[in-house]
file final-v7.cif (mmCIF, C-alpha atoms (C1' of nucleotides))
data_target
#
loop_
_atom_site.label_atom_id
_atom_site.label_comp_id
_atom_site.auth_asym_id
_atom_site.auth_seq_id
_atom_site.Cartn_x
_atom_site.Cartn_y
_atom_site.Cartn_z
CA MET U 5 -72.07 19.78 232.45
CA LYS U 6 -69.38 22.11 233.71
CA ILE U 7 -66.41 20.89 235.71
CA ALA U 8 -63.90 23.31 237.24
CA THR U 9 -60.69 23.29 239.25
CA TRP U 10 -59.28 25.93 241.58
CA ASN U 11 -56.31 26.04 243.91
CA VAL U 12 -57.75 28.38 246.54
CA ASN U 13 -54.61 28.72 248.73
CA SER U 14 -56.52 28.32 252.03
CA LEU U 15 -60.25 27.71 251.97
CA LYS U 16 -60.51 29.47 255.33
CA ILE U 17 -59.37 32.73 253.75
CA ARG U 18 -60.99 32.12 250.36
CA LEU U 19 -64.42 30.76 251.35
CA PRO U 20 -66.19 34.06 250.52
CA HIS U 21 -64.49 34.09 247.11
CA VAL U 22 -65.52 30.49 246.40
CA LEU U 23 -69.15 31.05 247.44
CA ASP U 24 -69.33 34.21 245.35
CA TRP U 25 -67.71 32.42 242.41
CA LEU U 26 -70.17 29.49 242.60
CA ALA U 27 -73.11 31.91 242.63
CA ARG U 28 -71.83 33.41 239.36
CA HIS U 29 -70.53 30.10 237.89
CA PRO U 30 -72.94 27.37 239.00
CA VAL U 31 -70.74 24.51 237.79
CA GLU U 32 -71.83 20.93 238.45
CA VAL U 33 -68.41 19.99 239.87
CA LEU U 34 -65.70 22.11 241.49
CA ALA U 35 -62.39 20.51 242.47
CA LEU U 36 -60.46 22.44 245.13
CA GLN U 37 -56.81 22.23 246.14
CA GLU U 38 -54.84 23.67 249.06
CA THR U 39 -57.83 23.87 251.37
CA LYS U 40 -55.35 23.79 254.30
CA LEU U 41 -58.10 22.60 256.65
CA THR U 42 -58.52 19.56 258.83
CA ASP U 43 -61.76 17.74 258.04
CA ASP U 44 -63.50 18.94 261.22
CA ARG U 45 -63.12 22.53 259.98
CA PHE U 46 -64.37 22.02 256.42
CA PRO U 47 -67.24 24.49 255.82
CA VAL U 48 -69.86 21.86 254.96
CA ALA U 49 -72.81 24.01 256.06
CA ASP U 50 -71.74 27.04 254.00
CA PHE U 51 -71.60 24.95 250.83
CA GLU U 52 -74.84 23.22 251.75
CA ALA U 53 -76.53 26.61 251.97
CA ALA U 54 -75.14 27.40 248.51
CA GLY U 55 -76.66 24.19 247.10
CA TYR U 56 -73.47 22.13 247.06
CA ARG U 57 -72.28 19.05 248.88
CA ALA U 58 -68.66 18.12 249.39
CA ASP U 59 -66.24 15.26 249.74
CA PHE U 60 -62.88 16.27 251.15
CA ILE U 61 -59.69 15.21 252.83
CA GLY U 62 -57.39 17.68 254.50
CA GLN U 63 -54.75 18.42 257.07
CA LYS U 64 -53.50 21.39 259.05
CA THR U 65 -51.52 24.14 257.28
CA TYR U 66 -50.74 22.38 254.00
CA ASN U 67 -52.40 20.57 251.10
CA GLY U 68 -56.02 19.38 251.35
CA VAL U 69 -58.37 18.64 248.44
CA ALA U 70 -62.12 18.58 247.91
CA ILE U 71 -64.75 17.80 245.30
CA LEU U 72 -67.90 19.93 245.47
CA THR U 73 -70.95 18.84 243.51
CA LYS U 74 -74.46 20.18 243.19
CA ARG U 75 -76.73 18.75 245.83
CA ALA U 76 -78.79 16.93 243.21
CA MET U 77 -75.63 15.19 241.91
CA PRO U 78 -74.16 13.25 244.80
CA ALA U 79 -70.71 11.82 244.39
CA THR U 80 -70.21 8.09 244.84
CA ASP U 81 -67.34 5.62 245.13
CA VAL U 82 -65.06 8.12 246.84
CA VAL U 83 -61.39 7.15 247.08
CA PHE U 84 -58.94 9.12 249.23
CA ASP U 85 -55.23 9.48 248.38
CA ILE U 86 -53.44 7.15 245.92
CA PRO U 87 -54.04 3.57 247.07
CA GLY U 88 -50.73 1.80 247.61
CA PHE U 89 -48.68 5.02 247.61
CA GLU U 90 -47.36 5.73 251.09
CA ASP U 91 -47.94 9.43 251.71
CA ASP U 92 -49.02 11.50 254.74
CA GLN U 93 -49.91 14.48 252.55
CA LYS U 94 -53.52 14.94 251.51
CA ARG U 95 -53.32 15.59 247.79
CA VAL U 96 -55.81 13.36 245.95
CA ILE U 97 -59.53 12.67 246.11
CA THR U 98 -61.53 10.72 243.55
CA ALA U 99 -65.29 10.38 243.08
CA THR U 100 -67.90 9.47 240.48
CA VAL U 101 -70.39 12.20 239.54
CA ALA U 102 -73.17 11.56 236.99
CA GLY U 103 -71.15 8.78 235.38
CA VAL U 104 -67.95 10.83 235.22
CA ARG U 105 -64.95 9.72 237.24
CA VAL U 106 -63.39 12.85 238.75
CA VAL U 107 -59.84 12.81 240.11
CA CYS U 108 -58.85 15.99 241.95
CA VAL U 109 -55.08 16.31 242.41
CA TYR U 110 -52.63 18.66 244.06
CA VAL U 111 -49.22 17.64 242.73
CA PRO U 112 -46.27 18.56 245.00
CA ASN U 113 -44.50 21.82 244.22
CA GLY U 114 -41.01 20.30 244.23
CA GLN U 115 -39.32 23.40 245.68
CA SER U 116 -36.14 23.09 243.56
CA VAL U 117 -34.78 20.44 241.22
CA GLU U 118 -31.99 19.52 243.68
CA SER U 119 -34.33 18.95 246.61
CA ASP U 120 -35.83 15.83 248.16
CA LYS U 121 -39.18 17.47 247.51
CA TYR U 122 -38.48 17.34 243.79
CA ARG U 123 -37.79 13.60 243.98
CA TYR U 124 -41.04 13.22 245.94
CA LYS U 125 -42.84 15.17 243.22
CA LEU U 126 -41.58 12.80 240.50
CA ALA U 127 -42.45 9.72 242.60
CA PHE U 128 -45.91 11.16 243.24
CA MET U 129 -46.51 11.75 239.54
CA GLN U 130 -45.39 8.19 238.72
CA ALA U 131 -47.76 6.78 241.35
CA LEU U 132 -50.57 8.98 240.05
CA ARG U 133 -49.99 7.71 236.53
CA ASP U 134 -50.11 4.10 237.72
CA ARG U 135 -53.34 4.78 239.62
CA LEU U 136 -54.94 6.47 236.61
CA VAL U 137 -54.24 3.39 234.50
CA VAL U 138 -56.41 1.46 236.97
CA GLU U 139 -59.14 4.13 237.05
CA SER U 140 -59.25 4.40 233.26
CA LYS U 141 -59.92 0.67 232.89
CA THR U 142 -63.21 0.91 234.75
CA HIS U 143 -64.16 4.50 233.89
CA PRO U 144 -64.15 5.52 230.22
CA LYS U 145 -65.36 9.00 231.21
CA LEU U 146 -62.37 10.15 233.24
CA VAL U 147 -61.32 13.69 234.14
CA VAL U 148 -58.13 14.36 236.10
CA LEU U 149 -57.95 17.97 237.14
CA GLY U 150 -56.13 20.15 239.57
CA ASP U 151 -52.86 21.89 240.31
CA TYR U 152 -50.17 19.86 238.51
CA ASN U 153 -47.40 22.33 239.35
CA VAL U 154 -45.98 21.70 235.86
CA ALA U 155 -46.07 23.99 232.83
CA PRO U 156 -46.11 21.63 229.83
CA GLU U 157 -44.77 23.82 227.02
CA ASP U 158 -42.91 27.05 226.24
CA ARG U 159 -46.19 28.82 225.52
CA ASP U 160 -47.37 28.00 229.06
CA VAL U 161 -44.55 30.09 230.59
CA HIS U 162 -44.20 33.90 230.40
CA ASP U 163 -40.43 33.65 229.93
CA PRO U 164 -39.32 30.13 228.92
CA ARG U 165 -35.63 31.09 228.91
CA GLN U 166 -35.79 32.34 232.49
CA TRP U 167 -37.67 29.21 233.57
CA GLU U 168 -35.55 26.70 231.64
CA GLY U 169 -34.47 23.89 233.99
CA GLN U 170 -36.31 25.42 236.96
CA VAL U 171 -38.83 23.58 239.08
CA LEU U 172 -42.33 23.71 237.51
CA PHE U 173 -40.77 23.68 234.03
CA SER U 174 -37.86 21.21 234.18
CA ILE U 175 -37.75 18.38 231.64
CA PRO U 176 -38.23 15.42 234.05
CA GLU U 177 -41.47 16.83 235.47
CA ARG U 178 -42.72 17.78 232.00
CA ASP U 179 -41.93 14.21 230.93
CA ALA U 180 -43.84 12.91 233.96
CA LEU U 181 -46.85 14.98 232.89
CA LYS U 182 -46.49 13.62 229.34
CA ALA U 183 -46.44 10.09 230.77
CA ILE U 184 -49.72 10.81 232.55
CA ALA U 185 -51.27 12.15 229.35
CA ALA U 186 -49.91 9.15 227.43
CA ILE U 187 -52.31 6.77 229.17
CA GLY U 188 -55.00 8.42 227.04
CA LEU U 189 -55.71 11.86 228.49
CA ALA U 190 -55.90 15.14 226.57
CA ASP U 191 -55.28 18.66 227.87
CA ALA U 192 -58.79 20.12 227.57
CA PHE U 193 -57.43 23.67 227.36
CA ARG U 194 -55.49 22.87 224.20
CA LEU U 195 -58.47 21.33 222.43
CA PHE U 196 -59.46 24.90 221.58
CA GLU U 197 -57.93 28.06 220.23
CA GLN U 198 -56.74 30.14 223.18
CA PRO U 199 -55.35 33.61 223.76
CA ALA U 200 -51.56 33.96 223.87
CA LYS U 201 -50.08 34.17 227.37
CA SER U 202 -52.86 32.17 228.98
CA PHE U 203 -51.77 31.36 232.54
CA THR U 204 -53.40 29.99 235.71
CA TRP U 205 -50.90 31.16 238.32
CA TRP U 206 -49.08 34.45 238.91
CA ASP U 207 -46.57 35.23 241.65
CA TYR U 208 -47.94 37.48 244.37
CA ARG U 209 -44.61 39.29 244.33
CA MET U 210 -43.24 41.89 241.91
CA LEU U 211 -46.68 42.65 240.42
CA GLY U 212 -46.61 39.25 238.72
CA PHE U 213 -50.23 39.38 237.59
CA GLN U 214 -50.18 43.01 236.47
CA LYS U 215 -47.05 42.31 234.41
CA GLY U 216 -48.44 39.09 232.93
CA ARG U 217 -45.64 37.02 234.43
CA GLY U 218 -47.48 33.74 234.96
CA LEU U 219 -47.46 30.01 234.34
CA ARG U 220 -50.15 27.58 233.18
CA ILE U 221 -49.81 24.85 235.78
CA ASP U 222 -53.45 23.99 236.56
CA HIS U 223 -54.89 21.53 234.08
CA ILE U 224 -57.99 19.56 233.17
CA LEU U 225 -57.01 16.29 231.51
CA VAL U 226 -59.78 14.27 229.85
CA SER U 227 -60.17 10.75 228.52
CA ASP U 228 -61.15 10.22 224.89
CA ALA U 229 -64.87 9.84 225.69
CA LEU U 230 -64.84 13.21 227.48
CA LYS U 231 -62.63 14.79 224.83
CA GLN U 232 -65.36 14.09 222.29
CA ALA U 233 -67.91 15.72 224.59
CA CYS U 234 -65.81 18.76 225.55
CA THR U 235 -67.04 21.99 223.97
CA ALA U 236 -65.00 24.63 225.82
CA CYS U 237 -62.21 25.18 228.31
CA THR U 238 -61.43 28.57 229.80
CA ILE U 239 -59.39 30.23 232.54
CA ASP U 240 -61.23 32.73 234.75
CA ARG U 241 -58.42 35.25 235.12
CA ASP U 242 -60.87 37.91 236.36
CA GLU U 243 -60.84 36.12 239.69
CA ARG U 244 -57.15 37.03 240.11
CA LYS U 245 -58.05 40.74 239.87
CA LYS U 246 -60.23 40.69 242.96
CA ALA U 247 -59.25 41.76 246.46
CA GLN U 248 -57.19 39.19 248.40
CA PRO U 249 -57.18 36.65 245.55
CA SER U 250 -55.74 33.17 245.43
CA ASP U 251 -52.55 33.19 243.37
CA HIS U 252 -54.27 30.61 241.10
CA ALA U 253 -57.24 31.24 238.80
CA PRO U 254 -60.08 28.76 238.24
CA VAL U 255 -60.16 26.65 235.06
CA ILE U 256 -63.53 25.52 233.69
CA ALA U 257 -64.35 22.81 231.14
CA THR U 258 -67.76 22.38 229.52
CA PHE U 259 -69.11 19.02 228.34
CA GLU U 260 -72.15 18.06 226.27
CA LEU U 261 -73.00 14.69 227.78
"C1'" DA J 29 -27.15 38.32 243.39
"C1'" DT J 30 -31.28 39.23 246.08
"C1'" DG J 31 -35.88 39.95 247.48
"C1'" DG J 32 -40.18 40.70 246.48
"C1'" DC J 33 -46.02 38.41 248.59
"C1'" DA J 34 -49.28 35.53 251.16
"C1'" DA J 35 -50.79 32.04 254.61
"C1'" DT J 36 -49.85 29.40 258.68
"C1'" DG J 37 -48.75 28.55 263.61
"C1'" DT J 38 -47.99 26.13 270.83
"C1'" DT J 39 -46.54 33.07 265.91
"C1'" DT J 40 -44.04 38.25 266.72
"C1'" DC J 41 -40.31 35.04 262.81
"C1'" DA J 42 -39.49 30.69 260.28
"C1'" DT J 43 -41.29 27.88 256.83
"C1'" DT J 44 -43.51 26.88 252.58
"C1'" DG J 45 -45.39 27.84 248.37
"C1'" DA J 46 -44.51 28.45 243.02
#

call {"tool": "encode", "arguments": {"input": "final-v7.cif", "output": "structure tokens"}}
result
Amino acid sequence: MKIATWNVNSLKIRLPHVLDWLARHPVEVLALQETKLTDDRFPVADFEAAGYRADFIGQKTYNGVAILTKRAMPATDVVFDIPGFEDDQKRVITATVAGVRVVCVYVPNGQSVESDKYRYKLAFMQALRDRLVVESKTHPKLVVLGDYNVAPEDRDVHDPRQWEGQVLFSIPERDALKAIAAIGLADAFRLFEQPAKSFTWWDYRMLGFQKGRGLRIDHILVSDALKQACTACTIDRDERKKAQPSDHAPVIATFEL
DNA sequence: ATGGCAATGTTTCATTGA
């Protein structure tokens, strides 16, 4: 079973990329972030034609998340948002697929460490952690994947000195990510030997991708039961080389279940 | 010290992202 995550930075613009990617990578589950579509505009029929069904929750212009699954593997027990966390922004969707609880998240960017948006980011991550405690009690096979907007370690940042204290790499948000992992979730990517300078996001500006100036901020966290079953985790950086790419690359985890 | 790139919208620039 393959489960992937991809911040597509507008599904309207990126739909051809996603359909092409699914044809070449027929994963069982694809979690999408930043669809930027209201639900009435979600391209249900296009995915249907590609053999996928979708659960989604979105809004105009910003945010929006979705879980695509193969038609033969319908998702059940769908939960939208973080129950009990007051938030107008559509950033979380949860569903069960073939006995695996899948939580697709788009963590707030935070803008800058002095901003209200940064405080919202930390509150969101705390609420997510609390929710995952609840989910983990009833679902031993738990995967929490998406755009965390946090680079966990020095090796996840092209220039740690430049990024020190900056949003996406500041200590409080890294601690918040650690607190999420501490409920019993492992970073699937780090279960395996990986190339140096492995990133999932590169700035569109200043030839960020060409110069290898990226961050690893998209993650697949797995519970112990899934950790035991995980046999690979890779970043598809080829996708970033294509015409009109998302600034994020897909991340794929493979499980022997 | 600054802007640079991309997507969006009651658009022709401002806002946001990361």

call {"tool": "resolve_selection", "arguments": {"input": "final-v7.cif", "expression": "the PyMOL selection byres ((chain U and resi 99-116) around 6)", "output": "number ranges by chain"}}
result
U: 35, 37, 79-82, 95-98, 117-119, 121-122, 125, 145-153, 171

call {"tool": "write_last_selection", "arguments": {"input": "final-v7.cif", "atoms": "C-alpha atoms", "output": "short mmCIF file (atom, residue, chain, number, x, y, z; two decimals), in the frame of the given file"}}
result
data_model
loop_
_atom_site.label_atom_id
_atom_site.label_comp_id
_atom_site.auth_asym_id
_atom_site.auth_seq_id
_atom_site.Cartn_x
_atom_site.Cartn_y
_atom_site.Cartn_z
CA ALA U 35 -62.39 20.51 242.47
CA GLN U 37 -56.81 22.23 246.14
CA ALA U 79 -70.71 11.82 244.39
CA THR U 80 -70.21 8.09 244.84
CA ASP U 81 -67.34 5.62 245.13
CA VAL U 82 -65.06 8.12 246.84
CA ARG U 95 -53.32 15.59 247.79
CA VAL U 96 -55.81 13.36 245.95
CA ILE U 97 -59.53 12.67 246.11
CA THR U 98 -61.53 10.72 243.55
CA VAL U 117 -34.78 20.44 241.22
CA GLU U 118 -31.99 19.52 243.68
CA SER U 119 -34.33 18.95 246.61
CA LYS U 121 -39.18 17.47 247.51
CA TYR U 122 -38.48 17.34 243.79
CA LYS U 125 -42.84 15.17 243.22
CA LYS U 145 -65.36 9.00 231.21
CA LEU U 146 -62.37 10.15 233.24
CA VAL U 147 -61.32 13.69 234.14
CA VAL U 148 -58.13 14.36 236.10
CA LEU U 149 -57.95 17.97 237.14
CA GLY U 150 -56.13 20.15 239.57
CA ASP U 151 -52.86 21.89 240.31
CA TYR U 152 -50.17 19.86 238.51
CA ASN U 153 -47.40 22.33 239.35
CA VAL U 171 -38.83 23.58 239.08
#

call {"tool": "interface_residues", "arguments": {"input": "final-v7.cif", "of": "chain U", "to": "chain J", "cutoff": "8 Å", "atoms": "only C-alpha atoms (C1' of nucleotides)", "output": "ChimeraX atom specification"}}
result
/U:13-14,65,113,115,153,172,207-210

call {"tool": "atom_distance", "arguments": {"input": "final-v7.cif", "atom1": "CA of Ile256 (chain U)", "atom2": "CA of Leu34 (chain U)"}}
result
8.8 Å

call {"tool": "atom_distance", "arguments": {"input": "final-v7.cif", "atom1": "CA of Lys74 (chain U)", "atom2": "CA of Val31 (chain U)"}}
result
7.9 Å

call {"tool": "resolve_selection", "arguments": {"input": "final-v7.cif", "expression": "the PyMOL selection byres ((chain U and resi 45) around 10)", "output": "list in words"}}
result
Leu15, Lys16, Lys40, Leu41, Thr42, Asp43, Asp44, Phe46, Pro47, Val48, Gly62, Gln63 and Lys64 of chain U

call {"tool": "resolve_selection", "arguments": {"input": "final-v7.cif", "expression": "the PyMOL selection byres ((chain U and resi 169) around 12)", "output": "list in words"}}
result
Ser116, Val117, Glu118, Val154, Ala155, Asp158, Pro164, Arg165, Gln166, Trp167, Glu168, Gln170, Val171, Leu172, Phe173, Ser174, Ile175, Pro176, Glu177 and Arg178 of chain U

call {"tool": "atom_distance", "arguments": {"input": "final-v7.cif", "atom1": "CA of Gly188 (chain U)", "atom2": "CA of Val255 (chain U)"}}
result
20.6 Å

call {"tool": "axis_aligned_box", "arguments": {"input": "final-v7.cif", "around": "chain J", "padding_each_side": "3 Å", "output": "JSON"}}
result
{"center_x": -39.0, "center_y": 33.4, "center_z": 256.9, "size_x": 29.6, "size_y": 20.6, "size_z": 33.8}

call {"tool": "closest_residue", "arguments": {"input": "final-v7.cif", "among": "U:Arg244, U:Lys215, U:Lys94, U:His223", "to": "Phe193 (chain U)", "atoms": "all atoms listed in the file"}}
result
U:His223

call {"tool": "residues_around", "arguments": {"input": "final-v7.cif", "residues": "Ala247 (chain U)", "least_positions_apart": "5", "cutoff": "12 Å", "atoms": "all atoms listed in the file", "output": "MDAnalysis selection string"}}
result
chainID U and resid 17:18 20:21 242

call {"tool": "closest_residue", "arguments": {"input": "final-v7.cif", "among": "U:Ile7, U:Asp120, U:Ala53, U:Met77", "to": "Ala192 (chain U)", "atoms": "only C-alpha atoms"}}
result
U:Ile7

call {"tool": "residues_around", "arguments": {"input": "final-v7.cif", "residues": "Cys234 (chain U)", "least_positions_apart": "6", "cutoff": "12 Å", "atoms": "all atoms listed in the file", "output": "JSON, numbers by chain"}}
result
{"U": [5, 6, 7, 145, 147, 190, 191, 192, 193, 194, 195, 196, 224, 225, 226, 227, 228, 256, 257, 258, 259, 260, 261]}

call {"tool": "closest_residue", "arguments": {"input": "final-v7.cif", "among": "U:Thr73, U:Thr204, U:Gln232, U:Ser140", "to": "Ala186 (chain U)", "atoms": "all atoms listed in the file"}}
result
U:Ser140

call {"tool": "residues_around", "arguments": {"input": "final-v7.cif", "residues": "Pro199 (chain U)", "least_positions_apart": "5", "cutoff": "12 Å", "atoms": "all atoms listed in the file", "output": "list in words"}}
result
Arg159, Asp160, Phe193, Arg194, Cys237, Thr238, Ile239 and Arg241 of chain U

call {"tool": "closest_residue", "arguments": {"input": "final-v7.cif", "among": "U:Phe128, U:Trp10, U:Trp25, U:Trp206", "to": "Asp222 (chain U)", "atoms": "only C-alpha atoms"}}
result
U:Trp10

call {"tool": "build_atoms", "arguments": {"input": "final-v7.cif", "residues": "region 201-218 of chain U", "atoms": "N, CA and C atoms", "output": "PDB file, keeping the file's coordinate frame"}}
result
ATOM      1  N   LYS U 201     -50.365  33.860 225.955  1.00  0.00           N
ATOM      2  CA  LYS U 201     -50.080  34.170 227.370  1.00  0.00           C
ATOM      3  C   LYS U 201     -51.259  33.846 228.280  1.00  0.00           C
ATOM      4  N   SER U 202     -51.811  32.661 228.087  1.00  0.00           N
ATOM      5  CA  SER U 202     -52.860  32.170 228.980  1.00  0.00           C
ATOM      6  C   SER U 202     -52.186  31.437 230.154  1.00  0.00           C
ATOM      7  N   PHE U 203     -52.381  31.955 231.356  1.00  0.00           N
ATOM      8  CA  PHE U 203     -51.770  31.360 232.540  1.00  0.00           C
ATOM      9  C   PHE U 203     -52.831  31.109 233.612  1.00  0.00           C
ATOM     10  N   THR U 204     -52.474  30.260 234.595  1.00  0.00           N
ATOM     11  CA  THR U 204     -53.400  29.990 235.710  1.00  0.00           C
ATOM     12  C   THR U 204     -52.822  30.403 237.055  1.00  0.00           C
ATOM     13  N   TRP U 205     -51.544  30.742 237.070  1.00  0.00           N
ATOM     14  CA  TRP U 205     -50.900  31.160 238.320  1.00  0.00           C
ATOM     15  C   TRP U 205     -49.963  32.340 238.055  1.00  0.00           C
ATOM     16  N   TRP U 206     -49.972  33.293 238.973  1.00  0.00           N
ATOM     17  CA  TRP U 206     -49.080  34.450 238.910  1.00  0.00           C
ATOM     18  C   TRP U 206     -48.533  34.693 240.302  1.00  0.00           C
ATOM     19  N   ASP U 207     -47.229  34.957 240.373  1.00  0.00           N
ATOM     20  CA  ASP U 207     -46.570  35.230 241.650  1.00  0.00           C
ATOM     21  C   ASP U 207     -47.203  36.453 242.316  1.00  0.00           C
ATOM     22  N   TYR U 208     -47.422  36.331 243.617  1.00  0.00           N
ATOM     23  CA  TYR U 208     -47.940  37.480 244.370  1.00  0.00           C
ATOM     24  C   TYR U 208     -46.925  38.642 244.341  1.00  0.00           C
ATOM     25  N   ARG U 209     -45.668  38.287 244.203  1.00  0.00           N
ATOM     26  CA  ARG U 209     -44.610  39.290 244.330  1.00  0.00           C
ATOM     27  C   ARG U 209     -44.347  40.027 243.015  1.00  0.00           C
ATOM     28  N   MET U 210     -43.733  41.175 243.101  1.00  0.00           N
ATOM     29  CA  MET U 210     -43.240  41.890 241.910  1.00  0.00           C
ATOM     30  C   MET U 210     -44.342  42.169 240.893  1.00  0.00           C
ATOM     31  N   LEU U 211     -45.575  42.351 241.343  1.00  0.00           N
ATOM     32  CA  LEU U 211     -46.680  42.650 240.420  1.00  0.00           C
ATOM     33  C   LEU U 211     -46.797  41.597 239.321  1.00  0.00           C
ATOM     34  N   GLY U 212     -46.617  40.341 239.704  1.00  0.00           N
ATOM     35  CA  GLY U 212     -46.610  39.250 238.720  1.00  0.00           C
ATOM     36  C   GLY U 212     -47.837  39.242 237.819  1.00  0.00           C
ATOM     37  N   PHE U 213     -49.002  39.417 238.391  1.00  0.00           N
ATOM     38  CA  PHE U 213     -50.230  39.380 237.590  1.00  0.00           C
ATOM     39  C   PHE U 213     -50.325  40.597 236.672  1.00  0.00           C
ATOM     40  N   GLN U 214     -50.075  41.761 237.252  1.00  0.00           N
ATOM     41  CA  GLN U 214     -50.180  43.010 236.470  1.00  0.00           C
ATOM     42  C   GLN U 214     -49.200  42.997 235.291  1.00  0.00           C
ATOM     43  N   LYS U 215     -48.055  42.345 235.479  1.00  0.00           N
ATOM     44  CA  LYS U 215     -47.050  42.310 234.410  1.00  0.00           C
ATOM     45  C   LYS U 215     -47.201  41.087 233.509  1.00  0.00           C
ATOM     46  N   GLY U 216     -48.213  40.263 233.770  1.00  0.00           N
ATOM     47  CA  GLY U 216     -48.440  39.090 232.930  1.00  0.00           C
ATOM     48  C   GLY U 216     -47.384  38.022 233.069  1.00  0.00           C
ATOM     49  N   ARG U 217     -46.702  38.014 234.202  1.00  0.00           N
ATOM     50  CA  ARG U 217     -45.640  37.020 234.430  1.00  0.00           C
ATOM     51  C   ARG U 217     -46.251  35.818 235.157  1.00  0.00           C
ATOM     52  N   GLY U 218     -46.797  34.885 234.376  1.00  0.00           N
ATOM     53  CA  GLY U 218     -47.480  33.740 234.960  1.00  0.00           C
ATOM     54  C   GLY U 218     -47.058  32.419 234.352  1.00  0.00           C
TER      55      GLY U 218
END
